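Comments concern the structure below.
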Amino acid sequence: MNPFTQSLLQRITDPALVEFVTRWDALESLVIRVYKGNAASDSDVQEFRELRAHLERTYPLWERDMEAYWRATKIGGEAAAGDPFRALLQVQEAAGFMGSWRAMQTLPAAREALNHFLLDRIQAP
């Protein structure tokens, strides 16, 4: 897990949010692994199906709040024109990340938005 995100999660008391972030982190790792290996193994395919199904169900809990954070990010050096979480969840199969430089450029925007969201949750009274 991203070390900064991990340190933030230690101060989050909402188990649903912790679960969402943990699964998002697993998705991020999968995207990177498939991109770098230019292949999606059978286990990658299965893991992606499970992660995507869970994240599709749970992201709506955070989606509205997350918007302010991702709108302040950049994707490929340009202001994010759309939700980076949704962009990555729209990919239908793990193999869709093979050679996808756009997915790799989208990951940092999602991570930045997520970390800022967590920071504000920690600092909220």
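Simple scheme: letters A, B, ... for chains in structure tokens order, numbers from 1 for residues in each chain, numbers from 1 for ligands in the order shown.
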Close residues, stretch 72-78 of chain A itself excluded, 7 Å, only C-alpha atoms, min 4 positions apart in chain, as a PDB file with N, CA, C and O atoms, in the first residue's frame:
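Saved as result-v1.pdb:
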ATOM      1  N   ALA A  68     -14.793  17.046  -5.475  1.00  0.00           N
ATOM      2  CA  ALA A  68     -14.032  18.279  -5.230  1.00  0.00           C
ATOM      3  C   ALA A  68     -12.529  18.008  -5.227  1.00  0.00           C
ATOM      4  O   ALA A  68     -11.739  18.866  -5.639  1.00  0.00           O
ATOM      5  N   GLN A 105      -1.467   7.266 -16.266  1.00  0.00           N
ATOM      6  CA  GLN A 105      -1.529   8.706 -15.979  1.00  0.00           C
ATOM      7  C   GLN A 105      -2.715   9.051 -15.079  1.00  0.00           C
ATOM      8  O   GLN A 105      -2.698  10.075 -14.404  1.00  0.00           O
ATOM      9  N   THR A 106      -3.718   8.218 -15.075  1.00  0.00           N
ATOM     10  CA  THR A 106      -4.921   8.461 -14.288  1.00  0.00           C
ATOM     11  C   THR A 106      -4.734   8.052 -12.827  1.00  0.00           C
ATOM     12  O   THR A 106      -5.315   8.670 -11.928  1.00  0.00           O
ATOM     13  N   ALA A 109      -3.864  10.812 -10.161  1.00  0.00           N
ATOM     14  CA  ALA A 109      -4.965  11.734  -9.857  1.00  0.00           C
ATOM     15  C   ALA A 109      -5.911  11.111  -8.839  1.00  0.00           C
ATOM     16  O   ALA A 109      -6.351  11.773  -7.887  1.00  0.00           O
TER      17      ALA A 109
END
Using only C-alpha atoms, determine which residues lie at most 7 Å from A:Ala113, disregarding the query and same-chain residues fewer than 2 positions distant; provide the list as a PyMOL selection string. chain A and resi 66+69-70+109-111+115-117
Contacts of A:Asn38 at 12 Å or less, counting only C-alpha atoms, minus same-chain residues fewer than 5 places along, as a PyMOL selection string? chain A and resi 30-33+44+94-101
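Reported to one decimal place, the separation of atom CA of A:Arg11 from atom CA of A:Ile122 is 6.6 Å.
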With distances taken over only C-alpha atoms, the candidate from A:Thr13, A:Gln92, A:Ser7, A:Thr58 nearest A:Val45 is A:Gln92
(message) Using only C-alpha atoms, can you tell me which of A:Gly82, A:Arg102, A:Leu118, A:Gln90 comes closest to A:Val21?
(response)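 Of A:Gly82, A:Arg102, A:Leu118, A:Gln90, the one nearest A:Val21, counting only C-alpha atoms, is A:Leu118.
Atom pair atom CA of A:Glu19 / atom CA of A:Gln123 has a distance of 19.7 Å (rounded to one decimal).
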Can you pull out every residue from chain A that DSSP, working from the backbone, puts in strand (DSSP E or B), and format the result as a list in words?
Lys74, Ile75, Glu78 and Ala79 of chain A
key: Closest of A:Glu112, A:Glu56, A:Glu50, A:Asp14 to A:Arg71 - atom-to-atom distances counting only C-alpha atoms   =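 Among A:Glu112, A:Glu56, A:Glu50, A:Asp14, it is A:Glu112 that comes nearest to A:Arg71.
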Exercise for the section: Write out as a PyMOL selection string each polymer residue whose atoms come within 9 Å of A:Leu89, counting only C-alpha atoms; drop sequence neighbours fewer than 4 positions from it. Expected result: chain A and resi 52+55-56+84-85
Using C-alpha atoms, can you export the residues from the last selection as a PDB file, in the first residue's frame?
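Written out: result31.pdb:
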ATOM      1  CA  ARG A  52     -14.186  -3.927  -9.880  1.00  0.00           C
ATOM      2  CA  LEU A  55     -15.585  -0.869  -6.035  1.00  0.00           C
ATOM      3  CA  GLU A  56     -18.525  -0.313  -8.382  1.00  0.00           C
ATOM      4  CA  PRO A  84     -10.366   9.247 -12.438  1.00  0.00           C
ATOM      5  CA  PHE A  85     -12.014   6.593 -10.267  1.00  0.00           C
TER       6      PHE A  85
END
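Closest to A:Thr22 among A:Leu61, A:Met1, A:Val91, A:Pro108 is A:Met1, based on only C-alpha atoms.
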Query raised in the report: Residues at most 9 Å from A:Leu51, counting only C-alpha atoms, excluding those fewer than 5 positions away in the same chain, as number ranges by chain?
Result: A: 23-24, 26-27, 46, 56
In terms of only C-alpha atoms, the residue from A:Asp120, A:Ala103, A:Ala39, A:Leu88 at minimal distance from A:Leu8 is A:Asp120
**Asked** Rounded to one decimal in Å, what is the spacing between atom CA of A:Ile12 and atom CA of A:Glu67?
**Response**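 Separation of atom CA of A:Ile12 and atom CA of A:Glu67: 19.7 Å.
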